[in-house]
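So this one's data-v1.cif, mmCIF, N, CA and C atoms and all ligand atoms:
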```cif
data_target
loop_
_atom_site.group_PDB
_atom_site.id
_atom_site.type_symbol
_atom_site.label_atom_id
_atom_site.label_comp_id
_atom_site.auth_asym_id
_atom_site.auth_seq_id
_atom_site.Cartn_x
_atom_site.Cartn_y
_atom_site.Cartn_z
ATOM 1 N N MET A 1203 100.841 118.494 67.007
ATOM 2 C CA MET A 1203 99.895 118.418 65.906
ATOM 3 C C MET A 1203 100.571 118.786 64.595
ATOM 4 N N LYS A 1204 99.961 118.358 63.529
ATOM 5 C CA LYS A 1204 100.379 118.782 62.197
ATOM 6 C C LYS A 1204 99.327 119.745 61.661
ATOM 7 N N TYR A 1205 99.782 120.789 60.994
ATOM 8 C CA TYR A 1205 98.813 121.716 60.432
ATOM 9 C C TYR A 1205 99.337 122.297 59.125
ATOM 10 N N CYS A 1206 98.404 122.752 58.323
ATOM 11 C CA CYS A 1206 98.733 123.281 57.006
ATOM 12 C C CYS A 1206 98.856 124.798 57.084
ATOM 13 N N LEU A 1207 99.878 125.342 56.416
ATOM 14 C CA LEU A 1207 100.069 126.793 56.401
ATOM 15 C C LEU A 1207 99.190 127.459 55.352
ATOM 16 N N ASP A 1208 98.604 126.671 54.470
ATOM 17 C CA ASP A 1208 97.861 127.237 53.335
ATOM 18 C C ASP A 1208 96.353 127.058 53.420
ATOM 19 N N CYS A 1209 95.889 126.139 54.262
ATOM 20 C CA CYS A 1209 94.452 125.968 54.430
ATOM 21 C C CYS A 1209 94.185 125.508 55.862
ATOM 22 N N ASP A 1210 92.964 125.132 56.157
ATOM 23 C CA ASP A 1210 92.594 124.800 57.531
ATOM 24 C C ASP A 1210 92.880 123.351 57.905
ATOM 25 N N TRP A 1211 93.558 122.614 57.046
ATOM 26 C CA TRP A 1211 93.848 121.212 57.340
ATOM 27 C C TRP A 1211 94.737 121.096 58.580
ATOM 28 N N HIS A 1212 94.356 120.206 59.469
ATOM 29 C CA HIS A 1212 95.203 119.939 60.628
ATOM 30 C C HIS A 1212 94.838 118.599 61.244
ATOM 31 N N LEU A 1213 95.779 118.032 61.957
ATOM 32 C CA LEU A 1213 95.545 116.797 62.694
ATOM 33 C C LEU A 1213 96.224 116.933 64.045
ATOM 34 N N ASN A 1214 95.513 116.571 65.082
ATOM 35 C CA ASN A 1214 96.151 116.541 66.391
ATOM 36 C C ASN A 1214 95.950 115.171 67.019
ATOM 37 N N ALA A 1215 96.471 115.004 68.215
ATOM 38 C CA ALA A 1215 96.428 113.710 68.879
ATOM 39 C C ALA A 1215 95.000 113.273 69.195
ATOM 40 N N VAL A 1216 94.069 114.226 69.213
ATOM 41 C CA VAL A 1216 92.681 113.883 69.487
ATOM 42 C C VAL A 1216 92.044 113.259 68.240
ATOM 43 N N SER A 1217 92.268 113.867 67.088
ATOM 44 C CA SER A 1217 91.638 113.366 65.872
ATOM 45 C C SER A 1217 92.398 112.186 65.275
ATOM 46 N N GLU A 1218 93.705 112.088 65.559
ATOM 47 C CA GLU A 1218 94.499 110.960 65.038
ATOM 48 C C GLU A 1218 95.572 110.595 66.072
ATOM 49 N N PRO A 1219 95.305 109.598 66.900
ATOM 50 C CA PRO A 1219 96.211 109.270 68.018
ATOM 51 C C PRO A 1219 97.587 108.772 67.571
ATOM 52 N N SER A 1220 97.678 108.197 66.403
ATOM 53 C CA SER A 1220 98.956 107.648 65.962
ATOM 54 C C SER A 1220 99.825 108.713 65.307
ATOM 55 N N GLN A 1221 101.004 108.958 65.884
ATOM 56 C CA GLN A 1221 101.893 109.969 65.304
ATOM 57 C C GLN A 1221 102.336 109.557 63.906
ATOM 58 N N HIS A 1222 102.546 108.261 63.712
ATOM 59 C CA HIS A 1222 102.938 107.785 62.387
ATOM 60 C C HIS A 1222 101.852 108.120 61.357
ATOM 61 N N ASP A 1223 100.603 107.882 61.726
ATOM 62 C CA ASP A 1223 99.505 108.168 60.804
ATOM 63 C C ASP A 1223 99.354 109.665 60.558
ATOM 64 N N ARG A 1224 99.630 110.476 61.584
ATOM 65 C CA ARG A 1224 99.576 111.933 61.394
ATOM 66 C C ARG A 1224 100.629 112.369 60.386
ATOM 67 N N SER A 1225 101.838 111.834 60.534
ATOM 68 C CA SER A 1225 102.909 112.187 59.603
ATOM 69 C C SER A 1225 102.551 111.752 58.187
ATOM 70 N N GLN A 1226 102.007 110.548 58.078
ATOM 71 C CA GLN A 1226 101.631 110.021 56.771
ATOM 72 C C GLN A 1226 100.554 110.894 56.128
ATOM 73 N N ALA A 1227 99.558 111.277 56.915
ATOM 74 C CA ALA A 1227 98.467 112.104 56.402
ATOM 75 C C ALA A 1227 98.977 113.481 55.984
ATOM 76 N N ALA A 1228 99.939 114.009 56.745
ATOM 77 C CA ALA A 1228 100.513 115.316 56.414
ATOM 78 C C ALA A 1228 101.259 115.248 55.087
ATOM 79 N N ILE A 1229 102.007 114.174 54.890
ATOM 80 C CA ILE A 1229 102.734 113.998 53.633
ATOM 81 C C ILE A 1229 101.751 113.876 52.471
ATOM 82 N N GLU A 1230 100.693 113.110 52.692
ATOM 83 C CA GLU A 1230 99.685 112.949 51.631
ATOM 84 C C GLU A 1230 99.024 114.277 51.293
ATOM 85 N N HIS A 1231 98.723 115.092 52.312
ATOM 86 C CA HIS A 1231 98.112 116.392 52.055
ATOM 87 C C HIS A 1231 99.073 117.273 51.241
ATOM 88 N N HIS A 1232 100.341 117.229 51.587
ATOM 89 C CA HIS A 1232 101.344 118.018 50.858
ATOM 90 C C HIS A 1232 101.449 117.556 49.408
ATOM 91 N N VAL A 1233 101.476 116.247 49.205
ATOM 92 C CA VAL A 1233 101.610 115.695 47.855
ATOM 93 C C VAL A 1233 100.385 116.046 47.007
ATOM 94 N N GLU A 1234 99.206 115.947 47.632
ATOM 95 C CA GLU A 1234 97.962 116.180 46.893
ATOM 96 C C GLU A 1234 97.756 117.653 46.554
ATOM 97 N N THR A 1235 98.146 118.542 47.469
ATOM 98 C CA THR A 1235 97.789 119.955 47.319
ATOM 99 C C THR A 1235 98.990 120.853 47.062
ATOM 100 N N GLY A 1236 100.207 120.385 47.409
ATOM 101 C CA GLY A 1236 101.378 121.243 47.324
ATOM 102 C C GLY A 1236 101.461 122.235 48.470
ATOM 103 N N HIS A 1237 100.580 122.073 49.462
ATOM 104 C CA HIS A 1237 100.576 122.987 50.601
ATOM 105 C C HIS A 1237 101.747 122.690 51.526
ATOM 106 N N ALA A 1238 102.138 123.712 52.303
ATOM 107 C CA ALA A 1238 103.226 123.564 53.261
ATOM 108 C C ALA A 1238 102.669 123.112 54.607
ATOM 109 N N ILE A 1239 103.219 122.015 55.115
ATOM 110 C CA ILE A 1239 102.779 121.483 56.407
ATOM 111 C C ILE A 1239 103.800 121.862 57.465
ATOM 112 N N ASP A 1240 103.307 122.308 58.612
ATOM 113 C CA ASP A 1240 104.188 122.556 59.742
ATOM 114 C C ASP A 1240 103.688 121.706 60.900
ATOM 115 N N SER A 1241 104.509 121.587 61.920
ATOM 116 C CA SER A 1241 104.090 120.813 63.080
ATOM 117 C C SER A 1241 104.394 121.588 64.347
ATOM 118 N N SER A 1242 103.644 121.295 65.370
ATOM 119 C CA SER A 1242 103.797 121.976 66.640
ATOM 120 C C SER A 1242 103.554 120.973 67.749
ATOM 121 N N GLU A 1243 104.221 121.181 68.882
ATOM 122 C CA GLU A 1243 104.000 120.299 70.023
ATOM 123 C C GLU A 1243 102.641 120.556 70.665
ATOM 124 N N SER A 1244 102.131 121.762 70.468
ATOM 125 C CA SER A 1244 100.870 122.105 71.103
ATOM 126 C C SER A 1244 99.713 121.442 70.377
ATOM 127 N N ILE A 1245 98.567 121.408 71.047
ATOM 128 C CA ILE A 1245 97.417 120.707 70.493
ATOM 129 C C ILE A 1245 96.516 121.658 69.714
ATOM 130 N N VAL A 1246 96.751 122.942 69.875
ATOM 131 C CA VAL A 1246 95.967 123.920 69.137
ATOM 132 C C VAL A 1246 96.848 124.583 68.078
ATOM 133 N N ARG A 1247 96.212 125.060 67.051
ATOM 134 C CA ARG A 1247 96.914 125.706 65.964
ATOM 135 C C ARG A 1247 97.549 127.011 66.453
ATOM 136 N N PRO A 1248 98.864 127.193 66.255
ATOM 137 C CA PRO A 1248 99.489 128.449 66.672
ATOM 138 C C PRO A 1248 98.992 129.620 65.830
ATOM 139 N N THR A 1249 99.052 130.790 66.409
ATOM 140 C CA THR A 1249 98.632 131.980 65.680
ATOM 141 C C THR A 1249 99.704 132.352 64.658
ATOM 142 N N ILE A 1250 99.281 132.505 63.441
ATOM 143 C CA ILE A 1250 100.215 132.880 62.389
ATOM 144 C C ILE A 1250 100.131 134.391 62.172
ATOM 145 N N PRO A 1251 101.258 135.101 62.296
ATOM 146 C CA PRO A 1251 101.241 136.561 62.113
ATOM 147 C C PRO A 1251 100.744 136.934 60.712
ATOM 148 N N ASP A 1252 100.006 138.002 60.647
ATOM 149 C CA ASP A 1252 99.416 138.422 59.377
ATOM 150 C C ASP A 1252 100.421 139.235 58.571
ATOM 151 N N ILE A 1253 101.500 138.593 58.145
ATOM 152 C CA ILE A 1253 102.557 139.307 57.427
ATOM 153 C C ILE A 1253 102.112 139.687 56.024
ATOM 154 N N THR A 1254 101.137 138.961 55.482
ATOM 155 C CA THR A 1254 100.657 139.282 54.139
ATOM 156 C C THR A 1254 100.093 140.700 54.106
ATOM 157 N N GLY A 1255 99.300 141.063 55.116
ATOM 158 C CA GLY A 1255 98.727 142.396 55.191
ATOM 159 C C GLY A 1255 99.795 143.464 55.298
ATOM 160 N N GLU A 1256 100.839 143.165 56.071
ATOM 161 C CA GLU A 1256 101.928 144.114 56.246
ATOM 162 C C GLU A 1256 102.641 144.395 54.919
ATOM 163 N N ILE A 1257 102.918 143.322 54.188
ATOM 164 C CA ILE A 1257 103.602 143.467 52.901
ATOM 165 C C ILE A 1257 102.717 144.239 51.923
ATOM 166 N N PHE A 1258 101.414 143.947 51.952
ATOM 167 C CA PHE A 1258 100.485 144.617 51.058
ATOM 168 C C PHE A 1258 100.493 146.115 51.297
ATOM 169 N N VAL A 1259 100.460 146.512 52.571
ATOM 170 C CA VAL A 1259 100.474 147.938 52.912
ATOM 171 C C VAL A 1259 101.784 148.568 52.449
ATOM 172 N N ARG A 1260 102.899 147.866 52.700
ATOM 173 C CA ARG A 1260 104.212 148.409 52.331
ATOM 174 C C ARG A 1260 104.295 148.661 50.824
ATOM 175 N N ASP A 1261 103.674 147.752 50.057
ATOM 176 C CA ASP A 1261 103.707 147.900 48.596
ATOM 177 C C ASP A 1261 102.971 149.151 48.128
ATOM 178 N N LEU A 1262 101.984 149.602 48.940
ATOM 179 C CA LEU A 1262 101.189 150.765 48.541
ATOM 180 C C LEU A 1262 101.880 152.081 48.887
ATOM 181 N N VAL A 1263 102.843 152.014 49.806
ATOM 182 C CA VAL A 1263 103.530 153.238 50.234
ATOM 183 C C VAL A 1263 104.644 153.548 49.231
ATOM 184 N N PRO A 1264 104.641 154.746 48.680
ATOM 185 C CA PRO A 1264 105.683 155.095 47.690
ATOM 186 C C PRO A 1264 107.068 155.075 48.321
ATOM 187 N N SER A 1265 108.021 154.596 47.604
ATOM 188 C CA SER A 1265 109.387 154.573 48.109
ATOM 189 C C SER A 1265 109.948 155.986 48.175
ATOM 190 N N SER A 1266 110.681 156.279 49.252
ATOM 191 C CA SER A 1266 111.277 157.609 49.404
ATOM 192 C C SER A 1266 112.697 157.642 48.844
ATOM 193 N N ASP A 1267 113.134 156.557 48.278
ATOM 194 C CA ASP A 1267 114.494 156.518 47.720
ATOM 195 C C ASP A 1267 114.647 157.441 46.508
HETATM 196 ZN ZN ZN A 1301 96.402 122.568 52.964
#
```
For the file at hand, write its structure as structure tokens.
Ligand SMILES: [Zn+2]
Amino acid sequence: MKYCLDCDWHLNAVSEPSQHDRSQAAIEHHVETGHAIDSSESIVRPTIPDITGEIFVRDLVPSSD
């Protein structure tokens, strides 16, 4: 499947059977929105680690340097 790292956009073999059309749609989504598209062999969206929260917490902790 193709999926967007920035929003809920995604396409899998169920919603778009043609791999060529999936690639084309992913490129169009990137061009239109500037979002980053990733792809996975699996049919479900992989879990993306919540690194944003981790960085946010780290920024709040005073540096001991
Ligand atoms: Zn997107």
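Interatomic distance, atom C of Ala1238 (chain A) to CA of Cys1209 (chain A): 8.7 Å.
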Could you give me the residues within 5 Å of ligand ZN 1301 (chain A), counting only N, CA and C atoms and all ligand atoms, as a PyMOL selection string?
chain A and resi 1206+1208-1209+1211+1237
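Applied to this file, the PyMOL selection byres (((chain A and resi 1214-1229) around 7) and not hetatm) selects A:Met1203, A:Lys1204, A:His1212, A:Leu1213, A:Glu1230, A:His1231, A:His1232, A:Val1233, A:Glu1234, A:Ile1239, A:Ile1245.
For the pair CA of Tyr1205 (chain A) and CA of Asp1240 (chain A), the separation is 5.5 Å.
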Emit as lines of an AutoDock Vina configuration file the padded axis-aligned box for all listed atoms of region 1222-1237 of chain A, 8 Å per side, with centre and edge lengths in Å to one decimal.
```
center_x = 100.3
center_y = 115.4
center_z = 55.1
size_x = 21.2
size_y = 31.2
size_z = 33.2
```
